[in-house]
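Below is one structure, written out as structure tokens, with a few remarks after it.
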Amino acid sequence: MSPHIVKEETDDRIVLVDSVAGNMIGGSFIIAIGLFVLFFVIDPDCESQDIFSRLIFILLVLFGVFVLFAGLYTLIIRETIIVDKRLQTAIVMKEVILTHFKFIKKIPFTDLEAVEITCNTHDNCGHASPVNDSSDSWNVSLMTFVDGSVKVCRSYSESKAKEIAESICKITGKKITHRTRIIPWDCESYGE
């Protein structure tokens with residue numbers, strides 16, 4: 001999950017963290033899905049079946065293991081974003097709970113191109129998407145010359161995403177760019 005909680009905000013620094021409760025609930029739910037696939041959907045007696053059934057068995061096992069590890073990752077990884085004017089650096093820190101293992105990525109302000117707000121909206125089968133649809137989400141990303149885009153925050157509130165982006169812009173001295181990414185609906189399921 002992306003950070004969306006502002007833990008600390010001053011004129012020189014902003015610290016974003018992800019929700020511990022949200023990670024625990026989301027990770028547990030994803031793990032439950034993975035375990036359900038591994039124990040209840042998969043038929044372990046595929047020895048007497050044909051090659052196609054064995055291939056589906058292998059794919060379901062791989063999917064179940066992938067979902068299980070995705071749930072574990074969501075459950076035990078905490079992400080923190082620090083944008084600090086004094087250090088002239090944006091720091092992306094991922095840490096494993098209950099251990100001292102941390103992954104830290106430092107992005108100097110000189111590598112930043114812009115702060116981008118991306119609206120993820122749905123295409124209603126060729127119709128104009130309604131303004132401020134409740135299913136829309138907004139991502140705030142740091143656009144870099146070196147690594148491309150580094151996602152900083154995800155929000156379902158446009159005003160909160162703009163507020164965070166403006167705070168980051170004040171600290172970094174970069175401009176905000178806007179982009180809309182349209183996620184297509186499956187029009188056949190809606191009778192179009």
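We name chains A, B, ... following the order of the structure tokens; residues begin at 1 in each chain, and ligands are numbered from 1 as shown.
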Surrounding residues of Glu113 (chain A) excluding itself and chain neighbours under 3 positions, 9 Å, only C-alpha atoms, as an MDAnalysis selection string:
chainID A and resid 109:110 142:145 174:175
Prev. selection, all heavy atoms, output as a compact mmCIF listing (two decimals), in the first residue's frame:
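This went into result_35.txt:
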# COMPACT_ATOMS: atom_id res chain seq x y z
N PHE A 109 17.02 16.40 -4.88
CA PHE A 109 16.12 17.33 -5.54
C PHE A 109 16.60 17.67 -6.94
O PHE A 109 15.81 18.01 -7.81
CB PHE A 109 15.97 18.61 -4.73
CG PHE A 109 15.12 18.45 -3.48
CD1 PHE A 109 14.97 19.51 -2.61
CD2 PHE A 109 14.47 17.26 -3.18
CE1 PHE A 109 14.20 19.39 -1.46
CE2 PHE A 109 13.70 17.13 -2.04
CZ PHE A 109 13.57 18.19 -1.19
N THR A 110 17.91 17.58 -7.19
CA THR A 110 18.43 17.88 -8.53
C THR A 110 17.97 16.85 -9.56
O THR A 110 17.95 17.14 -10.75
CB THR A 110 19.97 17.93 -8.51
OG1 THR A 110 20.48 16.71 -7.97
CG2 THR A 110 20.45 19.12 -7.69
N LEU A 142 6.69 11.50 -7.73
CA LEU A 142 7.84 12.33 -8.02
C LEU A 142 8.40 11.89 -9.36
O LEU A 142 8.78 10.74 -9.53
CB LEU A 142 8.91 12.17 -6.94
CG LEU A 142 8.51 12.56 -5.52
CD1 LEU A 142 9.63 12.22 -4.55
CD2 LEU A 142 8.17 14.03 -5.44
N MET A 143 8.42 12.79 -10.32
CA MET A 143 8.96 12.48 -11.65
C MET A 143 10.45 12.80 -11.62
O MET A 143 10.83 13.94 -11.32
CB MET A 143 8.27 13.31 -12.72
CG MET A 143 6.76 13.10 -12.79
SD MET A 143 6.29 11.40 -13.10
CE MET A 143 6.92 11.19 -14.73
N THR A 144 11.28 11.79 -11.90
CA THR A 144 12.73 11.99 -11.86
C THR A 144 13.32 11.83 -13.25
O THR A 144 12.73 11.17 -14.11
CB THR A 144 13.40 10.99 -10.90
OG1 THR A 144 13.24 9.67 -11.43
CG2 THR A 144 12.81 11.06 -9.51
N PHE A 145 14.47 12.42 -13.44
CA PHE A 145 15.18 12.28 -14.71
C PHE A 145 15.81 10.89 -14.82
O PHE A 145 15.98 10.37 -15.91
CB PHE A 145 16.29 13.33 -14.82
CG PHE A 145 15.78 14.74 -14.91
CD1 PHE A 145 15.99 15.63 -13.87
CD2 PHE A 145 15.09 15.17 -16.03
CE1 PHE A 145 15.52 16.93 -13.95
CE2 PHE A 145 14.61 16.47 -16.11
CZ PHE A 145 14.84 17.35 -15.08
N LYS A 174 9.62 22.46 -7.18
CA LYS A 174 9.23 21.92 -8.49
C LYS A 174 7.77 22.26 -8.78
O LYS A 174 7.02 22.63 -7.90
CB LYS A 174 9.44 20.40 -8.54
CG LYS A 174 10.83 19.96 -8.21
CD LYS A 174 11.86 20.52 -9.15
CE LYS A 174 13.26 20.10 -8.74
NZ LYS A 174 14.30 20.68 -9.54
N LYS A 175 7.37 22.08 -10.03
CA LYS A 175 6.00 22.38 -10.44
C LYS A 175 5.15 21.11 -10.44
O LYS A 175 5.66 20.01 -10.53
CB LYS A 175 5.99 23.00 -11.84
CG LYS A 175 6.65 24.35 -11.89
CD LYS A 175 6.54 24.95 -13.26
CE LYS A 175 7.20 26.33 -13.23
NZ LYS A 175 7.06 27.01 -14.48
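Taking region 93-173 of chain A and asking which residues DSSP calls helix (DSSP H, G or I) on the backbone, you get Phe109, Thr110, Asp111, Glu158, Ser159, Lys160, Ala161, Lys162, Glu163, Ile164, Ala165, Glu166, Ser167, Ile168, Cys169, Lys170, Ile171 and Thr172 of chain A.
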Q.
Which residues are close to Gly148 (chain A), i.e. within 12 Å by only C-alpha atoms, leaving aside same-chain residues fewer than 6 positions away? Reply as a VMD selection string.
A. chain A and resid 107 111 to 116 141 to 142
Take the residues just selected and output them with N, CA and C atoms as a short mmCIF file (atom, residue, chain, number, x, y, z; two decimals), in the first residue's frame.
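Contents of again-v9.cif, freshly written:
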data_model
loop_
_atom_site.label_atom_id
_atom_site.label_comp_id
_atom_site.auth_asym_id
_atom_site.auth_seq_id
_atom_site.Cartn_x
_atom_site.Cartn_y
_atom_site.Cartn_z
N ILE A 107 16.54 10.26 -3.24
CA ILE A 107 16.37 10.96 -4.51
C ILE A 107 16.73 12.44 -4.28
N ASP A 111 17.60 15.64 -9.10
CA ASP A 111 17.10 14.61 -10.01
C ASP A 111 15.61 14.71 -10.26
N LEU A 112 14.92 15.58 -9.49
CA LEU A 112 13.47 15.71 -9.65
C LEU A 112 13.14 16.63 -10.83
N GLU A 113 12.18 16.18 -11.62
CA GLU A 113 11.69 16.96 -12.75
C GLU A 113 10.42 17.71 -12.37
N ALA A 114 9.48 17.03 -11.74
CA ALA A 114 8.19 17.62 -11.37
C ALA A 114 7.50 16.73 -10.36
N VAL A 115 6.43 17.27 -9.78
CA VAL A 115 5.53 16.50 -8.93
C VAL A 115 4.27 16.28 -9.74
N GLU A 116 3.89 15.02 -9.92
CA GLU A 116 2.77 14.70 -10.80
C GLU A 116 1.57 14.20 -10.01
N SER A 141 3.10 11.51 -7.49
CA SER A 141 4.37 10.87 -7.82
C SER A 141 5.45 11.92 -8.00
N LEU A 142 6.69 11.50 -7.73
CA LEU A 142 7.84 12.33 -8.02
C LEU A 142 8.40 11.89 -9.36
#
- Query: Mind checking DSSP for region 27-167 of chain A and telling me the strand (DSSP E or B) residues as a PyMOL selection string?
  - Reply: chain A and resi 77-84+89-96+102-108+112-124+127+137-144+148-155
Please save N, CA and C atoms of the selected residues as a compact mmCIF listing (two decimals), in the first residue's frame.
# COMPACT_ATOMS: atom_id res chain seq x y z
N ILE A 77 5.68 -5.13 5.49
CA ILE A 77 6.48 -4.00 5.00
C ILE A 77 5.78 -2.69 5.33
N ARG A 78 6.49 -1.77 5.92
CA ARG A 78 6.00 -0.42 6.20
C ARG A 78 6.77 0.56 5.33
N GLU A 79 6.06 1.44 4.67
CA GLU A 79 6.69 2.40 3.77
C GLU A 79 6.56 3.81 4.34
N THR A 80 7.65 4.55 4.27
CA THR A 80 7.70 5.93 4.74
C THR A 80 8.36 6.77 3.66
N ILE A 81 7.78 7.92 3.37
CA ILE A 81 8.35 8.88 2.42
C ILE A 81 8.69 10.14 3.20
N ILE A 82 9.92 10.60 3.08
CA ILE A 82 10.36 11.83 3.74
C ILE A 82 10.89 12.77 2.66
N VAL A 83 10.32 13.96 2.59
CA VAL A 83 10.82 15.00 1.68
C VAL A 83 11.34 16.11 2.58
N ASP A 84 12.66 16.33 2.54
CA ASP A 84 13.31 17.25 3.47
C ASP A 84 14.08 18.33 2.71
N THR A 89 16.69 16.28 -0.29
CA THR A 89 16.52 14.88 -0.69
C THR A 89 15.11 14.41 -0.35
N ALA A 90 14.60 13.54 -1.22
CA ALA A 90 13.38 12.78 -0.93
C ALA A 90 13.84 11.36 -0.61
N ILE A 91 13.39 10.83 0.52
CA ILE A 91 13.82 9.51 0.97
C ILE A 91 12.62 8.57 0.96
N VAL A 92 12.77 7.45 0.26
CA VAL A 92 11.76 6.39 0.24
C VAL A 92 12.32 5.26 1.09
N MET A 93 11.66 4.96 2.20
CA MET A 93 12.16 3.96 3.13
C MET A 93 11.11 2.87 3.30
N LYS A 94 11.54 1.63 3.06
CA LYS A 94 10.69 0.46 3.30
C LYS A 94 11.38 -0.36 4.38
N GLU A 95 10.64 -0.65 5.45
CA GLU A 95 11.23 -1.40 6.54
C GLU A 95 10.36 -2.60 6.89
N VAL A 96 11.03 -3.67 7.28
CA VAL A 96 10.36 -4.89 7.68
C VAL A 96 10.11 -4.79 9.18
N LYS A 102 16.09 -2.52 6.48
CA LYS A 102 15.47 -1.38 5.81
C LYS A 102 16.03 -1.26 4.40
N PHE A 103 15.16 -0.86 3.49
CA PHE A 103 15.56 -0.50 2.13
C PHE A 103 15.36 1.01 2.02
N ILE A 104 16.42 1.73 1.73
CA ILE A 104 16.35 3.18 1.66
C ILE A 104 16.81 3.64 0.28
N LYS A 105 15.97 4.47 -0.34
CA LYS A 105 16.30 5.05 -1.64
C LYS A 105 16.27 6.56 -1.48
N LYS A 106 17.38 7.21 -1.82
CA LYS A 106 17.47 8.65 -1.71
C LYS A 106 17.41 9.27 -3.10
N ILE A 107 16.54 10.26 -3.24
CA ILE A 107 16.37 10.96 -4.51
C ILE A 107 16.73 12.44 -4.28
N PRO A 108 17.87 12.88 -4.78
CA PRO A 108 18.22 14.29 -4.62
C PRO A 108 17.26 15.19 -5.40
N LEU A 112 14.92 15.58 -9.49
CA LEU A 112 13.47 15.71 -9.65
C LEU A 112 13.14 16.63 -10.83
N GLU A 113 12.18 16.18 -11.62
CA GLU A 113 11.69 16.96 -12.75
C GLU A 113 10.42 17.71 -12.37
N ALA A 114 9.48 17.03 -11.74
CA ALA A 114 8.19 17.62 -11.37
C ALA A 114 7.50 16.73 -10.36
N VAL A 115 6.43 17.27 -9.78
CA VAL A 115 5.53 16.50 -8.93
C VAL A 115 4.27 16.28 -9.74
N GLU A 116 3.89 15.02 -9.92
CA GLU A 116 2.77 14.70 -10.80
C GLU A 116 1.57 14.20 -10.01
N ILE A 117 0.39 14.70 -10.37
CA ILE A 117 -0.87 14.18 -9.84
C ILE A 117 -1.53 13.43 -10.98
N THR A 118 -1.80 12.15 -10.76
CA THR A 118 -2.44 11.32 -11.76
C THR A 118 -3.83 10.94 -11.27
N CYS A 119 -4.84 11.23 -12.07
CA CYS A 119 -6.20 10.83 -11.75
C CYS A 119 -6.47 9.51 -12.46
N ASN A 120 -6.77 8.48 -11.69
CA ASN A 120 -7.13 7.18 -12.26
C ASN A 120 -8.65 7.12 -12.32
N THR A 121 -9.19 7.19 -13.53
CA THR A 121 -10.64 7.21 -13.70
C THR A 121 -11.05 6.12 -14.67
N HIS A 122 -12.31 5.77 -14.65
CA HIS A 122 -12.82 4.70 -15.50
C HIS A 122 -13.48 5.27 -16.75
N ASP A 123 -13.25 4.59 -17.86
CA ASP A 123 -13.91 4.94 -19.11
C ASP A 123 -15.23 4.16 -19.16
N ASN A 124 -16.31 4.87 -19.17
CA ASN A 124 -17.62 4.22 -19.18
C ASN A 124 -18.02 3.82 -20.60
N HIS A 127 -18.29 6.64 -23.08
CA HIS A 127 -19.03 7.79 -22.59
C HIS A 127 -18.11 8.64 -21.74
N SER A 137 -9.31 7.53 -8.18
CA SER A 137 -8.25 7.68 -7.18
C SER A 137 -7.18 8.60 -7.75
N TRP A 138 -6.42 9.21 -6.85
CA TRP A 138 -5.38 10.14 -7.25
C TRP A 138 -4.05 9.67 -6.68
N ASN A 139 -3.05 9.63 -7.55
CA ASN A 139 -1.69 9.29 -7.15
C ASN A 139 -0.83 10.54 -7.22
N VAL A 140 0.02 10.73 -6.23
CA VAL A 140 1.02 11.79 -6.26
C VAL A 140 2.36 11.09 -6.46
N SER A 141 3.10 11.51 -7.49
CA SER A 141 4.37 10.87 -7.82
C SER A 141 5.45 11.92 -8.00
N LEU A 142 6.69 11.50 -7.73
CA LEU A 142 7.84 12.33 -8.02
C LEU A 142 8.40 11.89 -9.36
N MET A 143 8.42 12.79 -10.32
CA MET A 143 8.96 12.48 -11.65
C MET A 143 10.45 12.80 -11.62
N THR A 144 11.28 11.79 -11.90
CA THR A 144 12.73 11.99 -11.86
C THR A 144 13.32 11.83 -13.25
N GLY A 148 12.46 7.71 -13.63
CA GLY A 148 11.09 7.84 -14.12
C GLY A 148 10.19 8.34 -13.01
N SER A 149 9.21 7.55 -12.62
CA SER A 149 8.21 7.97 -11.65
C SER A 149 8.33 7.17 -10.36
N VAL A 150 8.28 7.87 -9.22
CA VAL A 150 8.29 7.23 -7.91
C VAL A 150 7.01 7.64 -7.20
N LYS A 151 6.11 6.67 -6.98
CA LYS A 151 4.82 6.98 -6.36
C LYS A 151 5.03 7.31 -4.89
N VAL A 152 4.45 8.45 -4.48
CA VAL A 152 4.60 8.94 -3.11
C VAL A 152 3.34 8.69 -2.31
N CYS A 153 2.19 8.87 -2.92
CA CYS A 153 0.94 8.83 -2.16
C CYS A 153 -0.21 8.42 -3.07
N ARG A 154 -1.19 7.73 -2.49
CA ARG A 154 -2.43 7.41 -3.20
C ARG A 154 -3.59 7.83 -2.32
N SER A 155 -4.55 8.50 -2.91
CA SER A 155 -5.68 9.01 -2.14
C SER A 155 -6.96 8.88 -2.96
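We find CA of Val20 (chain A) and CA of Ile176 (chain A) to be spaced 28.9 Å apart.
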Quiz prompt | Length of the CA of Ser28 (chain A) to CA of Arg54 (chain A) vector [Å] | solution =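 Between these atoms lies a distance of 29.0 Å.
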Work out how far apart CA of Leu68 (chain A) and CA of Phe52 (chain A) are and give it in Å to one decimal.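 It comes out at 24.2 Å.
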TODO: Could you check which of A:Val67, A:Val146, A:Ile97, A:Glu158 is closest to Phe29 (chain A), using only C-alpha atoms?
DONE: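 Smallest separation from Phe29 (chain A) among the options: A:Val67.
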Nearby residues (only C-alpha atoms) at most 12 Å from Ala21 (chain A), same-chain spacing under 6 positions excluded, as a PDB file with N, CA and C atoms, in the first residue's frame:
ATOM      1  N   MET A   1       0.843  -1.170   0.000  1.00  0.00           N
ATOM      2  CA  MET A   1       0.000   0.000   0.000  1.00  0.00           C
ATOM      3  C   MET A   1       0.892   1.238   0.000  1.00  0.00           C
ATOM      4  N   ILE A   5      -0.946   8.828   4.870  1.00  0.00           N
ATOM      5  CA  ILE A   5      -1.134   9.546   6.123  1.00  0.00           C
ATOM      6  C   ILE A   5       0.021  10.520   6.310  1.00  0.00           C
ATOM      7  N   GLY A  27      -3.340  -7.108   4.261  1.00  0.00           N
ATOM      8  CA  GLY A  27      -2.431  -8.246   4.162  1.00  0.00           C
ATOM      9  C   GLY A  27      -3.080  -9.540   4.619  1.00  0.00           C
ATOM     10  N   SER A  28      -3.828  -9.477   5.711  1.00  0.00           N
ATOM     11  CA  SER A  28      -4.512 -10.681   6.210  1.00  0.00           C
ATOM     12  C   SER A  28      -5.555 -11.172   5.209  1.00  0.00           C
ATOM     13  N   THR A  74       2.521  -7.164   2.059  1.00  0.00           N
ATOM     14  CA  THR A  74       1.648  -6.089   2.537  1.00  0.00           C
ATOM     15  C   THR A  74       1.582  -6.072   4.055  1.00  0.00           C
ATOM     16  N   LEU A  75       1.613  -7.233   4.663  1.00  0.00           N
ATOM     17  CA  LEU A  75       1.492  -7.345   6.112  1.00  0.00           C
ATOM     18  C   LEU A  75       2.745  -6.876   6.846  1.00  0.00           C
ATOM     19  N   ILE A  76       3.932  -7.173   6.326  1.00  0.00           N
ATOM     20  CA  ILE A  76       5.142  -6.911   7.111  1.00  0.00           C
ATOM     21  C   ILE A  76       5.976  -5.717   6.647  1.00  0.00           C
ATOM     22  N   ARG A  78       6.494  -1.772   5.919  1.00  0.00           N
ATOM     23  CA  ARG A  78       6.003  -0.418   6.198  1.00  0.00           C
ATOM     24  C   ARG A  78       6.771   0.556   5.327  1.00  0.00           C
TER      25      ARG A  78
END
